[in-house]
Each structure stands twice: as C-alpha cells, then as structure tokens.
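What follows is the content of structure15.tsv, which has TSV, C-alpha atoms:
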chain	number	residue	atom	x	y	z
B	1	MET	CA	8.62	-71.40	-13.74
B	2	LYS	CA	5.25	-70.51	-12.25
B	3	TYR	CA	6.87	-70.25	-8.78
B	4	LEU	CA	9.60	-67.94	-10.16
B	5	LEU	CA	7.02	-65.68	-11.84
B	6	THR	CA	4.92	-65.53	-8.64
B	7	THR	CA	8.00	-64.71	-6.55
B	8	LEU	CA	9.04	-62.01	-9.03
B	9	CYS	CA	5.55	-60.43	-8.96
B	10	LEU	CA	5.43	-60.47	-5.15
B	11	THR	CA	8.92	-58.96	-4.92
B	12	LEU	CA	7.99	-56.22	-7.38
B	13	THR	CA	4.76	-55.49	-5.50
B	14	LEU	CA	6.61	-55.22	-2.19
B	15	LEU	CA	9.28	-53.02	-3.76
B	16	LEU	CA	6.72	-50.66	-5.28
B	17	GLY	CA	4.79	-50.57	-2.02
B	18	SER	CA	7.92	-49.71	-0.08
B	19	ILE	CA	8.72	-46.92	-2.55
B	20	GLY	CA	5.25	-45.49	-1.94
B	21	ASN	CA	5.72	-45.84	1.82
B	22	SER	CA	9.19	-44.31	1.57
B	23	GLU	CA	7.83	-41.40	-0.46
B	24	SER	CA	5.09	-40.87	2.10
B	25	ALA	CA	7.60	-41.02	4.97
B	26	ASN	CA	9.88	-38.53	3.22
B	27	PHE	CA	6.96	-36.17	2.58
B	28	GLN	CA	5.91	-36.42	6.24
B	29	LYS	CA	9.48	-35.86	7.38
B	30	GLY	CA	9.56	-32.68	5.28
B	31	LEU	CA	6.20	-31.57	6.66
B	32	THR	CA	7.33	-32.07	10.25
B	33	ALA	CA	10.55	-30.19	9.54
B	34	ALA	CA	8.67	-27.28	7.95
B	35	PHE	CA	6.28	-27.03	10.91
B	36	ASN	CA	9.33	-26.85	13.17
B	37	GLY	CA	10.94	-24.13	11.03
B	38	ASP	CA	13.61	-26.48	9.66
B	39	TYR	CA	13.15	-25.47	6.02
B	40	GLU	CA	16.52	-26.89	4.97
B	41	THR	CA	15.36	-30.40	5.88
B	42	ALA	CA	11.95	-29.77	4.33
B	43	MET	CA	13.60	-28.72	1.07
B	44	ARG	CA	15.92	-31.74	1.13
B	45	GLU	CA	12.95	-34.11	1.60
B	46	TRP	CA	10.50	-32.45	-0.79
B	47	LYS	CA	12.67	-31.49	-3.74
B	48	PRO	CA	13.32	-35.06	-4.97
B	49	LEU	CA	9.62	-35.86	-4.55
B	50	ALA	CA	8.63	-32.70	-6.43
B	51	GLU	CA	11.04	-33.54	-9.25
B	52	GLN	CA	9.40	-36.99	-9.46
B	53	GLY	CA	5.99	-35.34	-9.92
B	54	ASN	CA	4.53	-35.34	-6.40
B	55	ALA	CA	1.94	-32.53	-6.54
B	56	ASP	CA	1.94	-31.92	-2.76
B	57	ALA	CA	5.72	-31.56	-2.67
B	58	GLN	CA	5.56	-29.27	-5.72
B	59	TYR	CA	2.99	-27.09	-3.97
B	60	ASN	CA	5.08	-26.92	-0.81
B	61	LEU	CA	8.20	-25.91	-2.73
B	62	GLY	CA	6.16	-23.25	-4.51
B	63	PHE	CA	4.93	-21.99	-1.15
B	64	MET	CA	8.46	-21.88	0.27
B	65	TYR	CA	9.69	-19.77	-2.66
B	66	ASP	CA	6.51	-17.66	-2.68
B	67	LYS	CA	6.85	-16.74	1.00
B	68	GLY	CA	10.65	-16.90	1.30
B	69	ARG	CA	10.60	-19.72	3.84
B	70	GLY	CA	14.14	-21.10	4.12
B	71	VAL	CA	15.00	-19.76	0.67
B	72	PRO	CA	15.17	-16.27	-0.80
B	73	GLN	CA	11.71	-15.18	-1.96
B	74	ASP	CA	11.57	-15.98	-5.66
B	75	TYR	CA	8.21	-15.70	-7.40
B	76	LYS	CA	9.59	-17.07	-10.66
B	77	THR	CA	10.59	-20.33	-8.98
B	78	ALA	CA	7.34	-20.34	-7.01
B	79	VAL	CA	5.41	-20.10	-10.29
B	80	LYS	CA	7.37	-23.06	-11.68
B	81	TRP	CA	6.44	-25.33	-8.77
B	82	TYR	CA	2.89	-24.02	-8.36
B	83	LYS	CA	2.20	-24.54	-12.05
B	84	LEU	CA	3.41	-28.16	-11.95
B	85	SER	CA	1.18	-28.84	-8.95
B	86	ALA	CA	-1.77	-26.83	-10.31
B	87	GLU	CA	-1.70	-28.73	-13.60
B	88	GLN	CA	-2.18	-31.91	-11.55
B	89	GLY	CA	-5.28	-30.37	-9.97
B	90	ASP	CA	-3.97	-29.06	-6.63
B	91	ALA	CA	-6.56	-26.43	-5.62
B	92	ASP	CA	-4.24	-24.48	-3.32
B	93	ALA	CA	-1.57	-24.24	-6.03
B	94	GLN	CA	-4.23	-23.06	-8.48
B	95	THR	CA	-5.39	-20.36	-6.05
B	96	ASN	CA	-1.86	-19.15	-5.35
B	97	LEU	CA	-1.00	-19.17	-9.04
B	98	GLY	CA	-4.13	-17.13	-9.72
B	99	PHE	CA	-3.01	-14.59	-7.13
B	100	ILE	CA	0.47	-14.35	-8.66
B	101	TYR	CA	-1.03	-13.65	-12.09
B	102	GLU	CA	-3.55	-11.21	-10.64
B	103	LYS	CA	-0.79	-9.20	-8.98
B	104	GLY	CA	1.83	-9.67	-11.71
B	105	LEU	CA	4.47	-11.13	-9.39
B	106	SER	CA	7.38	-12.15	-11.69
B	107	VAL	CA	4.90	-12.80	-14.50
B	108	PRO	CA	3.08	-10.29	-16.67
B	109	GLN	CA	-0.09	-9.23	-14.86
B	110	ASP	CA	-2.84	-11.25	-16.53
B	111	TYR	CA	-6.31	-11.08	-15.04
B	112	LYS	CA	-7.80	-13.63	-17.45
B	113	THR	CA	-5.17	-16.19	-16.47
B	114	ALA	CA	-5.81	-15.38	-12.81
B	115	VAL	CA	-9.54	-15.99	-13.33
B	116	LYS	CA	-8.76	-19.30	-15.08
B	117	TRP	CA	-6.75	-20.59	-12.10
B	118	TYR	CA	-9.21	-19.24	-9.55
B	119	ARG	CA	-12.09	-20.91	-11.38
B	120	LEU	CA	-10.34	-24.30	-11.50
B	121	SER	CA	-9.72	-24.09	-7.77
B	122	ALA	CA	-13.20	-22.73	-6.98
B	123	GLU	CA	-14.74	-25.70	-8.79
B	124	GLN	CA	-12.99	-27.91	-6.24
B	125	GLY	CA	-14.59	-26.00	-3.37
B	126	ASN	CA	-11.62	-23.80	-2.44
B	127	ALA	CA	-13.15	-20.93	-0.43
B	128	ASP	CA	-10.30	-18.50	-1.11
B	129	ALA	CA	-10.56	-19.03	-4.86
B	130	GLN	CA	-14.33	-18.57	-4.65
B	131	TYR	CA	-13.80	-15.33	-2.72
B	132	ASN	CA	-11.22	-14.13	-5.25
B	133	LEU	CA	-13.61	-14.87	-8.13
B	134	GLY	CA	-16.12	-12.65	-6.35
B	135	LEU	CA	-13.48	-9.90	-6.29
B	136	MET	CA	-12.74	-10.35	-9.99
B	137	TYR	CA	-16.43	-10.08	-10.88
B	138	GLY	CA	-16.92	-7.19	-8.48
B	139	THR	CA	-14.11	-5.19	-10.05
B	140	GLY	CA	-14.36	-6.46	-13.63
B	141	LEU	CA	-10.79	-7.77	-13.75
B	142	GLY	CA	-10.39	-10.60	-16.27
B	143	VAL	CA	-14.17	-10.89	-16.61
B	144	THR	CA	-17.03	-8.53	-17.36
B	145	GLN	CA	-17.94	-6.65	-14.18
B	146	ASP	CA	-21.08	-8.28	-12.77
B	147	ASN	CA	-22.49	-7.66	-9.29
B	148	ILE	CA	-24.77	-10.68	-9.55
B	149	TYR	CA	-21.82	-13.05	-10.04
B	150	ALA	CA	-19.77	-11.23	-7.41
B	151	HIS	CA	-22.64	-11.71	-4.93
B	152	MET	CA	-23.04	-15.34	-6.00
B	153	TRP	CA	-19.34	-16.20	-5.54
B	154	TRP	CA	-19.17	-14.42	-2.18
B	155	SER	CA	-22.24	-16.34	-0.99
B	156	ILE	CA	-20.59	-19.59	-2.05
B	157	ALA	CA	-17.26	-18.59	-0.49
B	158	GLU	CA	-19.00	-17.86	2.81
B	159	LEU	CA	-20.65	-21.29	2.75
B	160	SER	CA	-17.22	-22.79	2.06
B	161	GLY	CA	-15.77	-21.06	5.12
B	162	ASN	CA	-14.31	-17.74	3.92
B	163	LYS	CA	-14.83	-15.20	6.74
B	164	ASN	CA	-14.47	-12.06	4.56
B	165	ALA	CA	-17.04	-13.00	1.93
B	166	SER	CA	-20.08	-11.92	3.93
B	167	GLU	CA	-18.85	-8.34	4.29
B	168	ASN	CA	-18.16	-7.99	0.56
B	169	ARG	CA	-21.51	-9.55	-0.32
B	170	THR	CA	-23.26	-7.01	1.95
B	171	ILE	CA	-21.41	-4.13	0.28
B	172	VAL	CA	-22.26	-5.24	-3.25
B	173	ALA	CA	-25.87	-5.98	-2.28
B	174	LYS	CA	-26.35	-2.27	-1.57
B	175	LYS	CA	-25.72	-1.60	-5.26
B	176	MET	CA	-28.20	-4.25	-6.42
B	177	SER	CA	-31.96	-4.41	-6.86
B	178	SER	CA	-33.95	-7.00	-4.94
B	179	SER	CA	-34.48	-9.01	-8.14
B	180	GLN	CA	-30.71	-9.02	-8.82
B	181	ILE	CA	-30.05	-10.27	-5.28
B	182	GLU	CA	-32.70	-12.97	-5.76
B	183	THR	CA	-31.03	-14.00	-9.03
B	184	ALA	CA	-27.61	-14.14	-7.33
B	185	GLN	CA	-29.01	-16.28	-4.51
B	186	LYS	CA	-30.64	-18.64	-7.00
B	187	LEU	CA	-27.38	-18.94	-8.97
B	188	ALA	CA	-25.48	-19.64	-5.76
B	189	ARG	CA	-27.89	-22.45	-4.80
B	190	GLU	CA	-27.62	-23.96	-8.30
B	191	CYS	CA	-23.84	-23.72	-8.22
B	192	VAL	CA	-23.63	-25.48	-4.86
B	193	ARG	CA	-26.03	-28.15	-6.13
B	194	LYS	CA	-23.78	-28.69	-9.18
B	195	LYS	CA	-20.76	-28.95	-6.85
B	196	TYR	CA	-19.36	-25.68	-8.23
B	197	LYS	CA	-19.00	-26.96	-11.80
B	198	GLY	CA	-19.99	-24.69	-14.67
B	199	CYS	CA	-21.01	-21.71	-12.53

Go through the file and emit its structure as structure tokens.
Amino acid sequence: MKYLLTTLCLTLTLLLGSIGNSESANFQKGLTAAFNGDYETAMREWKPLAEQGNADAQYNLGFMYDKGRGVPQDYKTAVKWYKLSAEQGDADAQTNLGFIYEKGLSVPQDYKTAVKWYRLSAEQGNADAQYNLGLMYGTGLGVTQDNIYAHMWWSIAELSGNKNASENRTIVAKKMSSSQIETAQKLARECVRKKYKGC
C-alpha cells in the first residue's frame, strides 16, 4: 500500500511538472512566433494559456488586440485581457490599462481609474507608469494638480529609466519655487527608499 501511494505521488508530481514545462514551452513557442511576426501561431499558443489564467499570456493577447498585431485592433478585447493580467499584478498590463482609461479607448474616459492602474504599476517600479503619474499630477487629471508630485514622479521615472521624464521635470521646475523643488526631491528620495509604496 505504501509503495502504491509513493508511486502515485511521484507520478502526480511528474505529471504536474510536465504540465508546467509544457505550459512554459507553449508560451515560449508563442513568444518566438510573435517575434518572427507569426501572430497566428502566437495566438494559437497563448490563448489556451490565457484562458487558464496565465498572466503573461493574457498580457500578450491584450497587446495583440491593443496594437492590432495579427488580429483586427480591438480595444474592448484588449481591455478584457489586460484587466485579467493586471488583476494578477502584471505591471505592463496595469500601465496599458491605465492608458486605455486615460484616453477613453473603448471604455468611458476615466482619469481616476487611469491613475489607479498607473499607481499600481508605478509601485512595482514601472518607469512608464511613473512617468504617466507625473503627467496626471502635472495636468490635474484624475488627481488634484500638483507640481511637487509631478516633479517627484518624473524624478523617480528618470531613475527607473524613462528618457522623457527629465525634460518634463525641467519644464515643471520652472513653475516651482526652490523650496517646492526641494520638497519634491525629498519626496522622491523617500519614495525610492520605500520601494515606491505609498508615495
């Protein structure tokens, strides 16, 4: 009996491991196909994975529909897949979903929802989301307009690798007093120290 139970456990472990390996191989096959412009194969490999809850596959399907890669551009379907991935914590899906809500692409334009998704992504260190939060604060869309926070987010975005953040920070700094700039710099340092949480 003990031998049968051990054999059953080992078989189940190997089966589950091979499913994981198979899923990984299918995802990679889709990725290779997409890089080669074979979006039909990418869709065939990723769709079953996305339907099973794979956040990376969900993001990639969202991207394909968002950009019209191998499928007709369809923001509504992109939102569906992005949202599934974003709810699992995918920072890129959160950023793209924020952009769709900011621009009102197939969804009602909703700046507060855009800020929500940007913030979730920014807290994970996503430079584009951090940059976009700077834009939202700089223009007062979805949040109270605040040059200090715009400056802060653009400083953080630049540190995270966003090339456009420096230019925007310089522009907003011209509208700020030296004490406001000092406050923004202090907030940026604190935010980085807290790993972008609660900024």

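In this structure, CA of Ser85 (chain B) sits 5.6 Å away from CA of Tyr59 (chain B).
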
> Of the candidates B:Lys103, B:Lys76, B:Lys67, B:Arg169, which one gets nearest to Ile148 (chain B) if we count only C-alpha atoms?
Replying inline: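 Of B:Lys103, B:Lys76, B:Lys67, B:Arg169, the one nearest Ile148 (chain B) is B:Arg169, counting only C-alpha atoms.
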
>> At a cut-off of 12 Å, using only C-alpha atoms, what residues contact Asn54 (chain B)? Leave out same-chain residues fewer than 5 positions from it and give the result as number ranges by chain.
In response: B: 20, 23-24, 26-27, 45-49, 59-61, 81-82, 84-90

>> As an exercise, work out the distance from CA of Thr113 (chain B) to CA of Tyr65 (chain B) in Å and give it to one decimal place.
In response: 20.6 Å

> Can you tell me, as an NGL selection string, what residues are no more than 9 Å from Asn168 (chain B) when counting all atoms listed in the file, ignoring any on the same chain fewer than 6 positions away?
Replying inline: :B and (134-135 or 150-151 or 154)

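Residues lying within 12 Å of Glu123 (chain B), counting all atoms listed in the file and ignoring same-chain neighbours fewer than 6 positions away, are Gly89, Asp90, Ala91, Asp92, Gln94, Thr95, Val115, Lys116, Trp117, Ala129, Gln130, Leu133, Trp153, Ile156, Ala157, Ser160, Cys191, Val192, Arg193, Lys194, Lys195, Tyr196, Lys197, Gly198 and Cys199 of chain B.
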
> When you draw a straight line from CA of Ala50 (chain B) to CA of Gly30 (chain B), how long is it in Å?
Replying inline: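 Between these atoms lies a distance of 11.7 Å.
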